Every structure is written in C-alpha cells, then in structure tokens.
$ cat protein-v1.txt   # compact mmCIF, C-alpha atoms
# COMPACT_ATOMS: atom_id res chain seq x y z
CA MET A 695 39.49 -4.28 -1.85
CA THR A 696 36.70 -3.74 -4.34
CA VAL A 697 33.23 -4.83 -3.24
CA LEU A 698 31.09 -5.43 -6.30
CA SER A 699 27.45 -4.71 -5.67
CA THR A 700 24.52 -5.03 -8.08
CA VAL A 701 20.77 -4.71 -7.48
CA ARG A 702 18.39 -5.14 -10.40
CA LEU A 703 14.64 -5.33 -10.76
CA GLN A 704 13.48 -6.58 -14.15
CA ARG A 705 10.70 -8.26 -16.08
CA GLU A 706 13.09 -10.26 -18.31
CA PRO A 707 14.71 -13.58 -17.39
CA PHE A 708 18.31 -13.56 -16.09
CA ASP A 709 21.24 -15.99 -16.32
CA ALA A 710 22.12 -16.99 -12.73
CA ALA A 711 25.38 -18.72 -13.73
CA ALA A 712 26.58 -15.72 -15.72
CA GLU A 713 25.76 -13.38 -12.82
CA ALA A 714 27.75 -15.60 -10.44
CA ALA A 715 30.72 -15.71 -12.83
CA LYS A 716 30.86 -11.90 -12.89
CA LEU A 717 31.77 -11.84 -9.19
CA THR A 718 34.87 -14.02 -9.56
CA ARG A 719 36.21 -13.09 -12.99
CA GLY A 720 39.75 -11.70 -12.96
CA ARG A 721 40.29 -11.84 -9.21
CA SER A 722 41.95 -14.31 -6.84
CA ASP A 723 40.78 -13.00 -3.45
CA VAL A 724 37.41 -14.80 -3.58
CA GLY A 725 37.44 -18.07 -1.65
CA ALA A 726 33.70 -18.66 -1.40
CA LEU A 727 30.76 -18.05 -3.71
CA VAL A 728 27.15 -18.75 -2.72
CA THR A 729 24.33 -18.60 -5.26
CA PHE A 730 20.68 -18.93 -4.34
CA THR A 731 18.08 -19.07 -7.09
CA GLY A 732 14.37 -18.98 -6.32
CA ILE A 733 12.35 -20.80 -9.00
CA CYS A 734 8.65 -20.76 -9.85
CA ARG A 735 7.31 -24.14 -8.64
CA GLY A 736 4.59 -25.98 -10.47
CA ASP A 737 2.42 -26.36 -7.37
CA GLU A 738 1.07 -24.24 -4.55
CA ALA A 739 -0.54 -25.76 -1.45
CA GLY A 740 -0.58 -29.16 -3.14
CA GLU A 741 -2.36 -28.01 -6.30
CA PRO A 742 -0.82 -27.48 -9.75
CA ILE A 743 -0.43 -23.87 -10.88
CA ALA A 744 -0.34 -22.42 -14.40
CA ALA A 745 1.65 -19.29 -13.61
CA LEU A 746 2.79 -16.84 -10.97
CA THR A 747 2.52 -13.05 -11.23
CA LEU A 748 4.64 -10.80 -9.04
CA GLU A 749 3.35 -7.32 -8.31
CA HIS A 750 5.78 -4.79 -6.83
CA TYR A 751 5.96 -1.25 -5.50
CA PRO A 752 8.29 0.56 -7.94
CA GLY A 753 10.81 2.78 -6.22
CA MET A 754 10.31 1.30 -2.78
CA VAL A 755 11.41 -2.19 -3.74
CA GLU A 756 14.77 -1.01 -5.11
CA ALA A 757 15.36 1.14 -2.03
CA GLU A 758 14.53 -1.73 0.35
CA ILE A 759 16.84 -4.17 -1.44
CA GLU A 760 19.67 -1.61 -1.59
CA ARG A 761 19.29 -0.94 2.12
CA HIS A 762 19.60 -4.63 2.96
CA VAL A 763 22.54 -5.13 0.60
CA GLN A 764 24.24 -2.26 2.42
CA GLU A 765 23.46 -3.85 5.77
CA ALA A 766 24.85 -7.21 4.59
CA LYS A 767 28.07 -5.48 3.50
CA GLU A 768 28.39 -3.88 6.94
CA ARG A 769 27.74 -7.12 8.83
CA TRP A 770 29.94 -9.52 6.86
CA PRO A 771 33.30 -9.18 5.07
CA LEU A 772 31.86 -9.59 1.58
CA LEU A 773 33.72 -9.18 -1.69
CA GLY A 774 30.62 -9.08 -3.87
CA VAL A 775 26.81 -9.07 -3.72
CA THR A 776 24.29 -9.40 -6.54
CA VAL A 777 20.51 -9.39 -6.14
CA ILE A 778 18.26 -9.67 -9.19
CA HIS A 779 14.51 -9.97 -8.71
CA ARG A 780 11.95 -10.35 -11.46
CA TYR A 781 8.37 -9.07 -11.57
CA GLY A 782 5.45 -9.80 -13.88
CA ARG A 783 4.17 -13.18 -15.03
CA MET A 784 6.27 -16.36 -14.83
CA VAL A 785 5.51 -20.00 -15.55
CA PRO A 786 6.75 -23.01 -13.55
CA GLY A 787 10.46 -23.62 -14.08
CA GLU A 788 11.36 -19.96 -14.57
CA ASP A 789 13.79 -18.25 -12.21
CA ILE A 790 12.27 -15.54 -9.99
CA VAL A 791 15.21 -14.27 -7.95
CA VAL A 792 18.95 -14.78 -7.65
CA VAL A 793 21.20 -13.78 -4.76
CA VAL A 794 24.97 -14.18 -5.18
CA THR A 795 27.46 -13.45 -2.41
CA THR A 796 31.22 -13.81 -2.42
CA SER A 797 33.76 -13.63 0.37
CA SER A 798 37.20 -14.94 1.32
CA HIS A 799 35.60 -17.66 3.45
CA ARG A 800 32.32 -19.53 3.29
CA ALA A 801 30.68 -18.49 6.59
CA ALA A 802 30.18 -14.87 5.51
CA ALA A 803 28.95 -15.81 2.03
CA PHE A 804 26.41 -18.36 3.36
CA ALA A 805 25.13 -16.05 6.13
CA ALA A 806 24.78 -12.97 3.91
CA ALA A 807 22.90 -14.90 1.21
CA GLU A 808 20.45 -16.28 3.79
CA PHE A 809 20.02 -12.87 5.41
CA LEU A 810 19.21 -11.26 2.05
CA MET A 811 16.72 -13.97 1.08
CA ASP A 812 14.97 -13.84 4.45
CA TYR A 813 14.53 -10.08 4.05
CA LEU A 814 13.40 -10.28 0.42
CA LYS A 815 10.67 -12.69 1.50
CA THR A 816 9.24 -10.51 4.25
CA ARG A 817 10.26 -6.85 3.77
CA ALA A 818 10.67 -6.20 0.05
CA PRO A 819 7.32 -4.98 -1.35
CA PHE A 820 6.47 -7.86 -3.70
CA TRP A 821 3.21 -9.81 -3.79
CA LYS A 822 2.72 -13.16 -5.50
CA GLN A 823 -0.49 -14.14 -7.21
CA VAL A 824 -0.96 -17.69 -8.53
CA GLU A 825 -3.14 -18.86 -11.40
CA LYS A 826 -4.64 -22.28 -10.80
CA ALA A 827 -7.70 -23.96 -12.27
CA GLY A 828 -8.57 -20.72 -14.06
CA GLU A 829 -8.59 -18.71 -10.82
CA LYS A 830 -6.17 -16.11 -9.53
CA THR A 831 -5.40 -16.06 -5.81
CA TRP A 832 -2.92 -14.09 -3.70
CA VAL A 833 -0.27 -16.14 -1.92
CA GLU A 834 -0.50 -15.70 1.85
CA ALA A 835 2.55 -14.70 3.83
CA LYS A 836 4.01 -17.54 5.89
CA ALA A 837 4.73 -17.30 9.60
CA THR A 838 7.85 -19.43 8.99
CA ASP A 839 9.25 -16.69 6.72
CA ASP A 840 8.67 -14.07 9.42
CA ALA A 841 10.43 -16.29 11.94
CA ALA A 842 13.37 -16.76 9.55
CA ALA A 843 13.71 -12.99 9.08
CA GLY A 844 13.31 -12.36 12.82
CA ARG A 845 16.41 -14.34 13.72
CA TRP A 846 18.59 -11.62 12.13
CA ASN A 847 17.25 -8.95 14.52
CA ALA A 848 18.87 -7.94 17.79
CA GLY A 849 17.65 -10.93 19.81
CA GLY A 850 18.49 -13.65 17.34
CA ARG A 851 21.53 -11.94 15.87
CA GLN A 852 24.26 -13.70 17.85
CA ALA A 853 23.02 -17.18 17.04
CA ALA A 854 22.80 -16.44 13.34
CA GLU A 855 26.21 -14.86 12.91
CA MET B 605 -1.92 13.46 -0.02
CA LYS B 606 -1.45 10.55 -2.40
CA LEU B 607 -2.58 7.08 -1.40
CA ARG B 608 -1.43 3.92 -3.17
CA TYR B 609 -2.80 0.41 -2.84
CA PHE B 610 -1.20 -2.89 -3.80
CA ALA B 611 -2.23 -6.54 -4.31
CA TRP B 612 -5.60 -7.43 -2.72
CA VAL B 613 -5.90 -4.05 -1.01
CA ARG B 614 -5.80 -2.49 -4.51
CA GLU B 615 -8.33 -5.00 -5.84
CA ARG B 616 -10.76 -4.41 -2.98
CA VAL B 617 -10.52 -0.62 -3.07
CA GLY B 618 -10.88 -0.84 -6.85
CA LYS B 619 -8.08 1.57 -7.80
CA PRO B 620 -4.29 1.64 -7.61
CA GLU B 621 -4.01 5.20 -6.26
CA GLU B 622 -5.88 8.39 -5.44
CA ASP B 623 -5.38 11.86 -4.05
CA ILE B 624 -7.34 12.60 -0.90
CA GLU B 625 -7.86 15.35 1.65
CA VAL B 626 -7.42 13.90 5.12
CA PRO B 627 -9.42 15.60 7.90
CA PRO B 628 -7.29 17.26 10.61
CA GLY B 629 -8.42 14.79 13.29
CA VAL B 630 -6.75 11.90 11.46
CA THR B 631 -3.13 11.96 12.60
CA THR B 632 -1.68 8.44 12.44
CA VAL B 633 -1.49 5.58 9.92
CA GLY B 634 -3.90 3.55 12.07
CA GLU B 635 -6.39 6.41 12.26
CA LEU B 636 -6.14 6.87 8.51
CA MET B 637 -7.03 3.19 7.98
CA ALA B 638 -10.05 3.54 10.28
CA TRP B 639 -11.15 6.70 8.45
CA LEU B 640 -10.73 5.02 5.05
CA ALA B 641 -12.73 1.99 6.22
CA ALA B 642 -15.72 4.29 6.80
CA ARG B 643 -15.59 5.81 3.28
CA GLY B 644 -17.66 3.12 1.57
CA GLU B 645 -18.29 -0.55 1.05
CA GLU B 646 -15.13 -1.22 -0.99
CA TYR B 647 -12.94 0.50 1.63
CA ALA B 648 -14.72 -1.29 4.46
CA HIS B 649 -13.91 -4.58 2.72
CA ALA B 650 -10.25 -3.63 2.07
CA PHE B 651 -9.63 -2.39 5.62
CA ALA B 652 -11.88 -4.84 7.50
CA ASN B 653 -8.85 -6.44 9.12
CA PRO B 654 -6.40 -3.53 9.66
CA GLN B 655 -3.95 -5.54 11.75
CA VAL B 656 -2.90 -7.57 8.69
CA ILE B 657 -2.38 -4.50 6.48
CA ARG B 658 1.12 -3.05 6.17
CA ALA B 659 1.88 0.58 5.38
CA ALA B 660 4.70 2.71 3.99
CA ILE B 661 5.16 6.47 4.08
CA ASP B 662 7.23 7.86 1.23
CA ARG B 663 8.46 4.33 0.47
CA THR B 664 9.61 3.43 3.98
CA HIS B 665 7.88 0.83 6.18
CA VAL B 666 5.90 2.39 9.06
CA GLU B 667 3.75 1.24 11.99
CA PRO B 668 0.06 2.04 12.74
CA GLN B 669 1.09 4.59 15.39
CA THR B 670 3.36 6.51 12.97
CA PRO B 671 2.18 10.13 12.44
CA ILE B 672 1.14 10.99 8.88
CA LYS B 673 1.97 14.69 9.11
CA GLY B 674 4.17 15.75 6.20
CA ALA B 675 3.68 12.52 4.26
CA GLY B 676 3.66 12.83 0.48
CA GLU B 677 2.65 9.29 -0.40
CA ILE B 678 1.13 6.63 1.86
CA ALA B 679 0.86 3.05 0.61
CA PHE B 680 -1.26 0.20 2.02
CA PHE B 681 -0.63 -3.43 1.16
CA PRO B 682 -0.86 -7.01 2.46
CA PRO B 683 2.10 -8.79 4.10
CA MET B 684 4.81 -9.19 1.46
CA THR B 685 5.47 -12.43 -0.39
CA GLY B 686 8.61 -11.85 -2.47
CA GLY B 687 11.64 -14.06 -3.02
$ encode --input "protein-v1.txt" --output "structure tokens"
Amino acid sequence: MTVLSTVRLQREPFDAAAEAAKLTRGRSDVGALVTFTGICRGDEAGEPIAALTLEHYPGMVEAEIERHVQEAKERWPLLGVTVIHRYGRMVPGEDIVVVVTTSSHRAAAFAAAEFLMDYLKTRAPFWKQVEKAGEKTWVEAKATDDAAAGRWNAGGRQAAE
Amino acid sequence: MKLRYFAWVRERVGKPEEDIEVPPGVTTVGELMAWLAARGEEYAHAFANPQVIRAAIDRTHVEPQTPIKGAGEIAFFPPMTGG
C-alpha cells in the first residue's frame, strides 16, 4: 500500500481540484476522498476587508505540518494526504489552504481532514492580518478553534475517533 | 542566542530578529520574557501581557517553564491564526 503524502508552503495560488485528483489517479483502492479548502472571505467581524496577509515562521511551519501529517497517518488508515498552505497577500475569493485526505472508507478521511485543519488553525505558526478601511489589524485567535483542536488530545480523543 | 519575533510581537519590538547575550540568572522562557520586558519601552509594550505570548525553541513549541539552556533560536509570537 502506497501512502501518498505532500506538504507544501507557497506564495502562489494552487488548484484544489487538481491536487485532489492526484490522490486517486491510477488506483482503485481509494473509496473516500475528502477535500477542505479554506478561502479568503470578504468580511471580518462584520466589516468588509480588502485583503488578508499571512505571515509565517519559515522552517517551523513546514516541520509542524509534517509532524501532524505523520500523526494523522499513524491514527487513521489513510491512503493519501496533501496539505498546501499559502502565505503572503490574498484578496477575498482566493484559496488560502487545501487539505485532501483519502482512505478506503469515509470515516478515516473525514476525521483526518478535520484533525489536520484544527491543528493548522492553532499550532502551525501562521498569523493573519486583515486590511480594512485602510487599516491593517491582526486577526485574534478564537477560543472555539482552541476547543476544536483540544478534542483531539488524550481526553477528547475517544469521542472524536 | 538568536531571538525572533513574529506578527504584532515583531511590530512592537520593532525588529524581526536580534542576537542577544542573556544574563546567567535568566534560565527559562518565562524569565526571558520578563527580562526582555525590562529592556525598554518597545519591549515593555510587546511583553506587557506575557500569558498570551507563545514561544518556540529551535522551531518547536515550548512552555514558559521550559529551560533555555542550549537554545540556538528562541521565537516569540502571538497565538497562531492559520488555516
């Protein structure tokens, strides 16, 4: 069984559909494919935004994502995992991140995709800054994101799996 | 030792990184934040609320009580907002 695994950090846009297709091409063991794409919204806290800029910690961010991809592969019977995260400036409508997971059955693919997104939100060293009304402000971390990530730890693990 | 700052911590300190000599009495990440806060107005502003600041030693997440001995690079940053 070949587990395809890709982690990329890039400034350029990506093609989420093409990335998903790469995980199923030429094989018949995949029974479930989950794709999550995070998109730059046109509003933040009820106000329109002009753009979003993602700052990151080069070197650490790749290592953190790789570590969580590895953990996902150990926890669920995955056939493929792809994580691509952009940095730099993006305008509303542009894709920011894509997570693709494949497995024989849907439960593993759904759970692993959610696990990876929850960790990207709270543990991968990225920081979002929004431009609105000519001002730049840092997006504050949300307690709901911490709670979502926390359910994959020891205490909440059983319920989530 | 090399210090790196990101997002609003970087903006408040006014630089992305610097090399510093840490006095021997400063042994943990938390103590380092307290020592930095006393270095000047910009540091006091950046580290005014140390409980919200996250840290990494050599690109691995650490806690305030983590010893800094042997660290090559220590980074300080706000809670992360990726995804």
$ closest_residue --input "protein-v1.txt" --among "B:Asn653, B:Val633, B:Val617, B:Leu640" --to "B:Pro668" --atoms "all atoms listed in the file"
B:Val633
$ atom_distance --input "protein-v1.txt" --atom1 "atom CA of B:Glu621" --atom2 "atom CA of B:Gln655"
21.0 Å
$ interface_residues --input "protein-v1.txt" --of "chain B" --to "chain A" --cutoff "12 Å" --atoms "all atoms listed in the file" --output "PDB file with C-alpha atoms, keeping the file's coordinate frame"
ATOM      1  CA  ARG B 608      -1.430   3.920  -3.170  1.00  0.00           C
ATOM      2  CA  TYR B 609      -2.800   0.410  -2.840  1.00  0.00           C
ATOM      3  CA  PHE B 610      -1.200  -2.890  -3.800  1.00  0.00           C
ATOM      4  CA  ALA B 611      -2.230  -6.540  -4.310  1.00  0.00           C
ATOM      5  CA  TRP B 612      -5.600  -7.430  -2.720  1.00  0.00           C
ATOM      6  CA  VAL B 613      -5.900  -4.050  -1.010  1.00  0.00           C
ATOM      7  CA  ARG B 614      -5.800  -2.490  -4.510  1.00  0.00           C
ATOM      8  CA  GLU B 615      -8.330  -5.000  -5.840  1.00  0.00           C
ATOM      9  CA  PRO B 620      -4.290   1.640  -7.610  1.00  0.00           C
ATOM     10  CA  GLU B 621      -4.010   5.200  -6.260  1.00  0.00           C
ATOM     11  CA  VAL B 656      -2.900  -7.570   8.690  1.00  0.00           C
ATOM     12  CA  ILE B 657      -2.380  -4.500   6.480  1.00  0.00           C
ATOM     13  CA  ARG B 658       1.120  -3.050   6.170  1.00  0.00           C
ATOM     14  CA  ALA B 659       1.880   0.580   5.380  1.00  0.00           C
ATOM     15  CA  ALA B 660       4.700   2.710   3.990  1.00  0.00           C
ATOM     16  CA  ILE B 661       5.160   6.470   4.080  1.00  0.00           C
ATOM     17  CA  ASP B 662       7.230   7.860   1.230  1.00  0.00           C
ATOM     18  CA  ARG B 663       8.460   4.330   0.470  1.00  0.00           C
ATOM     19  CA  THR B 664       9.610   3.430   3.980  1.00  0.00           C
ATOM     20  CA  HIS B 665       7.880   0.830   6.180  1.00  0.00           C
ATOM     21  CA  VAL B 666       5.900   2.390   9.060  1.00  0.00           C
ATOM     22  CA  GLU B 677       2.650   9.290  -0.400  1.00  0.00           C
ATOM     23  CA  ILE B 678       1.130   6.630   1.860  1.00  0.00           C
ATOM     24  CA  ALA B 679       0.860   3.050   0.610  1.00  0.00           C
ATOM     25  CA  PHE B 680      -1.260   0.200   2.020  1.00  0.00           C
ATOM     26  CA  PHE B 681      -0.630  -3.430   1.160  1.00  0.00           C
ATOM     27  CA  PRO B 682      -0.860  -7.010   2.460  1.00  0.00           C
ATOM     28  CA  PRO B 683       2.100  -8.790   4.100  1.00  0.00           C
ATOM     29  CA  MET B 684       4.810  -9.190   1.460  1.00  0.00           C
ATOM     30  CA  THR B 685       5.470 -12.430  -0.390  1.00  0.00           C
ATOM     31  CA  GLY B 686       8.610 -11.850  -2.470  1.00  0.00           C
ATOM     32  CA  GLY B 687      11.640 -14.060  -3.020  1.00  0.00           C
TER      33      GLY B 687
END
$ closest_residue --input "protein-v1.txt" --among "B:Ala642, B:Thr670, B:Met605, B:Tyr647" --to "B:Val626" --atoms "all atoms listed in the file"
B:Met605
$ closest_residue --input "protein-v1.txt" --among "A:Val763, A:Ala837, A:Val794, A:Leu772" --to "A:Val724" --atoms "only C-alpha atoms"
A:Leu772
$ atom_distance --input "protein-v1.txt" --atom1 "atom CA of A:Pro771" --atom2 "atom CA of A:Ala714"
17.7 Å
$ decode --input "protein-v1.txt" --residues "stretch 637-674 of chain B" --atoms "N, CA and C atoms" --output "tab-separated table (two decimals), in the first residue's frame"
chain	number	residue	atom	x	y	z
B	637	MET	N	11.19	36.34	28.98
B	637	MET	CA	10.17	37.34	28.63
B	637	MET	C	10.17	38.49	29.62
B	638	ALA	N	10.29	38.16	30.92
B	638	ALA	CA	10.29	39.19	31.96
B	638	ALA	C	11.54	40.08	31.81
B	639	TRP	N	12.66	39.46	31.49
B	639	TRP	CA	13.91	40.21	31.32
B	639	TRP	C	13.82	41.12	30.10
B	640	LEU	N	13.26	40.58	29.00
B	640	LEU	CA	13.09	41.39	27.79
B	640	LEU	C	12.17	42.59	28.06
B	641	ALA	N	11.10	42.34	28.82
B	641	ALA	CA	10.12	43.41	29.08
B	641	ALA	C	10.75	44.61	29.76
B	642	ALA	N	11.87	44.36	30.47
B	642	ALA	CA	12.53	45.45	31.20
B	642	ALA	C	13.62	46.14	30.37
B	643	ARG	N	13.76	45.74	29.10
B	643	ARG	CA	14.85	46.29	28.26
B	643	ARG	C	14.53	47.64	27.64
B	644	GLY	N	13.27	48.05	27.67
B	644	GLY	CA	12.93	49.34	27.05
B	644	GLY	C	11.44	49.41	26.77
B	645	GLU	N	11.03	50.58	26.36
B	645	GLU	CA	9.60	50.84	26.16
B	645	GLU	C	8.96	49.90	25.15
B	646	GLU	N	9.68	49.68	24.01
B	646	GLU	CA	9.09	48.83	22.96
B	646	GLU	C	8.95	47.38	23.43
B	647	TYR	N	9.93	46.91	24.22
B	647	TYR	CA	9.85	45.55	24.76
B	647	TYR	C	8.75	45.45	25.83
B	648	ALA	N	8.66	46.49	26.63
B	648	ALA	CA	7.63	46.51	27.68
B	648	ALA	C	6.25	46.40	27.04
B	649	HIS	N	6.08	47.10	25.91
B	649	HIS	CA	4.81	47.07	25.19
B	649	HIS	C	4.56	45.67	24.60
B	650	ALA	N	5.59	45.09	23.97
B	650	ALA	CA	5.46	43.78	23.33
B	650	ALA	C	5.15	42.68	24.36
B	651	PHE	N	5.81	42.76	25.52
B	651	PHE	CA	5.69	41.68	26.51
B	651	PHE	C	4.84	42.08	27.72
B	652	ALA	N	3.97	43.08	27.54
B	652	ALA	CA	3.13	43.55	28.64
B	652	ALA	C	2.20	42.46	29.16
B	653	ASN	N	1.83	41.55	28.27
B	653	ASN	CA	0.85	40.53	28.61
B	653	ASN	C	1.44	39.15	28.29
B	654	PRO	N	2.46	38.72	29.06
B	654	PRO	CA	3.22	37.52	28.66
B	654	PRO	C	2.40	36.25	28.55
B	655	GLN	N	1.26	36.20	29.27
B	655	GLN	CA	0.49	34.95	29.21
B	655	GLN	C	-0.16	34.70	27.85
B	656	VAL	N	-0.26	35.73	27.00
B	656	VAL	CA	-0.83	35.50	25.66
B	656	VAL	C	0.26	35.18	24.63
B	657	ILE	N	1.53	35.40	25.00
B	657	ILE	CA	2.61	35.20	24.03
B	657	ILE	C	3.07	33.73	24.02
B	658	ARG	N	3.20	33.20	22.81
B	658	ARG	CA	3.67	31.83	22.63
B	658	ARG	C	5.16	31.85	22.28
B	659	ALA	N	5.83	30.73	22.54
B	659	ALA	CA	7.26	30.68	22.28
B	659	ALA	C	7.66	29.36	21.64
B	660	ALA	N	8.77	29.40	20.90
B	660	ALA	CA	9.33	28.18	20.31
B	660	ALA	C	10.84	28.22	20.49
B	661	ILE	N	11.42	27.08	20.84
B	661	ILE	CA	12.88	26.97	20.90
B	661	ILE	C	13.31	26.06	19.76
B	662	ASP	N	14.20	26.58	18.93
B	662	ASP	CA	14.68	25.83	17.77
B	662	ASP	C	13.51	25.20	16.99
B	663	ARG	N	12.49	26.02	16.80
B	663	ARG	CA	11.33	25.70	15.95
B	663	ARG	C	10.41	24.62	16.49
B	664	THR	N	10.39	24.48	17.83
B	664	THR	CA	9.45	23.57	18.48
B	664	THR	C	8.72	24.35	19.57
B	665	HIS	N	7.39	24.18	19.65
B	665	HIS	CA	6.62	24.88	20.68
B	665	HIS	C	7.13	24.54	22.07
B	666	VAL	N	7.22	25.55	22.95
B	666	VAL	CA	7.64	25.33	24.34
B	666	VAL	C	6.72	26.12	25.28
B	667	GLU	N	6.85	25.83	26.57
B	667	GLU	CA	6.05	26.47	27.61
B	667	GLU	C	6.92	27.49	28.37
B	668	PRO	N	6.28	28.40	29.15
B	668	PRO	CA	7.07	29.40	29.89
B	668	PRO	C	8.10	28.79	30.85
B	669	GLN	N	7.81	27.61	31.37
B	669	GLN	CA	8.74	27.00	32.34
B	669	GLN	C	9.88	26.23	31.65
B	670	THR	N	9.87	26.14	30.33
B	670	THR	CA	10.92	25.41	29.61
B	670	THR	C	12.28	26.10	29.78
B	671	PRO	N	13.34	25.34	30.15
B	671	PRO	CA	14.68	25.93	30.27
B	671	PRO	C	15.20	26.39	28.90
B	672	ILE	N	15.98	27.47	28.91
B	672	ILE	CA	16.50	27.99	27.63
B	672	ILE	C	17.95	27.56	27.38
B	673	LYS	N	18.51	26.83	28.33
B	673	LYS	CA	19.91	26.40	28.19
B	673	LYS	C	20.09	25.60	26.88
B	674	GLY	N	21.11	25.95	26.13
B	674	GLY	CA	21.39	25.23	24.89
B	674	GLY	C	20.58	25.65	23.68
